Amino acid sequence: MRHFFLSTLALRAAALRVTRRSIAPAIAASVPACACAKPPGGDGDRTEGYSYQRTAEEWRRQLSGPEYFVLRQGGTEPPNTSPLVKEKRAGEFRCAACDVGLFASTAKFESGTGWPSFATALPAVKVEKSPLEFLAGAEMRCGVCGGHLGDRFLDGSLFPGTPAFFSGQRYCTDGSALVFYPADGAKPVRGEFDPSKPRELPAWAQPPGIKVNG
């Protein structure tokens, strides 16, 4: 029965393209997620009120395809496709559009979701108000350019042994919105995902012995 349930969960997640809102945290693969679907990236304007502004055409020239999809269109990259998911070095994660600092490496933790996750954010990260944040999370944006970064969830206590357990928050971030600057001065790493890479469910969502690609 449990194997059947896990298989069903994995197949349903693949069909939903595995968004942050259609999978449960890694603590309980046997408990289905409360799928609170929401239009990607919210509905608010991404230009008005922000100090760093560009036209849509200028953004298309400045950003790569994946970066534009996430930052300007509010898209969500497939899980486990950004090179920043496994990044563990000391440094700073900055906005791929305007270069402002967004997250410190000391706040990063392994959430098992397939997206770079942080327990806290730097002041430039702004969280959109949402009456359903406790259940469905709330969109976070770059406070300088308005770019979509991902979603903040108030479920940090579900990740014991990580900084999120103490902050009570999980900043689930699209790697494509970020550029990582190593503290040792090494070459910066852009977090954009590779569209040609097969889509893979996080390990916790896969039934034993079966690898699900979408």
# chains A, B, ... in the order shown; residues from 1 in each chain; ligands from 1
>>> residues_around(residues="range 174-181 of chain A", least_positions_apart="3", cutoff="6 Å", atoms="only C-alpha atoms", output="PyMOL selection string")
chain A and resi 67+71+82+84+91-96+149-150+188-193
>>> residues_around(residues="Gly156 in chain A", least_positions_apart="6", cutoff="10 Å", atoms="only C-alpha atoms", output="PyMOL selection string")
chain A and resi 25+111+118-119+162-171
>>> atom_distance(atom1="CA of Cys145 in chain A", atom2="CA of Tyr52 in chain A")
4.7 Å
>>> select_by_dssp(residues="range 19-203 of chain A", states="helix (DSSP H, G or I)", output="PyMOL selection string")
chain A and resi 56-62+65-71+105-107+133-136+156-158+163-167+175-177+203
>>> write_last_selection(atoms="C-alpha atoms", output="CSV table (one decimal), in the first residue's frame")
chain,number,residue,atom,x,y,z
A,56,ALA,CA,11.1,44.2,-21.4
A,57,GLU,CA,13.3,44.3,-24.5
A,58,GLU,CA,16.3,45.5,-22.4
A,59,TRP,CA,15.7,42.8,-19.9
A,60,ARG,CA,15.6,40.2,-22.7
A,61,ARG,CA,19.0,41.4,-24.0
A,62,GLN,CA,20.6,41.6,-20.5
A,65,GLY,CA,16.5,32.8,-21.3
A,66,PRO,CA,16.2,31.0,-18.0
A,67,GLU,CA,16.9,34.2,-16.0
A,68,TYR,CA,14.3,36.1,-17.9
A,69,PHE,CA,11.7,33.3,-17.4
A,70,VAL,CA,12.2,33.4,-13.6
A,71,LEU,CA,13.1,37.0,-12.8
A,105,SER,CA,26.1,31.6,2.4
A,106,THR,CA,25.8,31.1,6.1
A,107,ALA,CA,22.0,31.1,5.8
A,133,GLU,CA,1.4,32.8,3.5
A,134,PHE,CA,1.2,30.3,6.4
A,135,LEU,CA,-0.4,27.7,4.1
A,136,ALA,CA,0.9,28.5,0.7
A,156,GLY,CA,11.4,26.3,8.9
A,157,SER,CA,10.7,24.3,12.1
A,158,LEU,CA,10.2,21.2,9.9
A,163,PRO,CA,19.4,27.4,10.5
A,164,ALA,CA,15.8,27.3,9.3
A,165,PHE,CA,14.7,25.5,12.4
A,166,PHE,CA,15.6,28.6,14.4
A,167,SER,CA,14.4,31.3,12.0
A,175,GLY,CA,18.8,29.4,-8.6
A,176,SER,CA,18.3,31.1,-12.0
A,177,ALA,CA,17.6,34.4,-10.2
A,203,ALA,CA,15.0,12.0,-4.0
>>> closest_residue(among="A:Gly147, A:Gly75, A:Pro182, A:Gly112", to="Arg89 in chain A", atoms="only C-alpha atoms")
A:Pro182
>>> closest_residue(among="A:Thr55, A:Phe109, A:Cys172, A:Phe159", to="Glu139 in chain A", atoms="only C-alpha atoms")
A:Cys172
>>> closest_residue(among="A:Tyr50, A:Lys108, A:Lys86, A:Thr81", to="Lys126 in chain A", atoms="only C-alpha atoms")
A:Tyr50
>>> closest_residue(among="A:Pro116, A:Ala124, A:Thr173, A:Gly185", to="Ala138 in chain A", atoms="only C-alpha atoms")
A:Thr173
>>> atom_distance(atom1="CA of Glu48 in chain A", atom2="CA of Arg72 in chain A")
13.0 Å
>>> select_by_dssp(residues="range 105-205 of chain A", states="strand (DSSP E or B)", output="count of residues only")
30
>>> closest_residue(among="A:Val125, A:Leu132, A:Glu110, A:Phe103", to="Lys88 in chain A", atoms="only C-alpha atoms")
A:Glu110
>>> atom_distance(atom1="CA of Ala183 in chain A", atom2="CA of Asp155 in chain A")
29.2 Å
>>> closest_residue(among="A:Cys142, A:Pro160, A:Ala186, A:Trp115", to="Pro78 in chain A", atoms="only C-alpha atoms")
A:Trp115
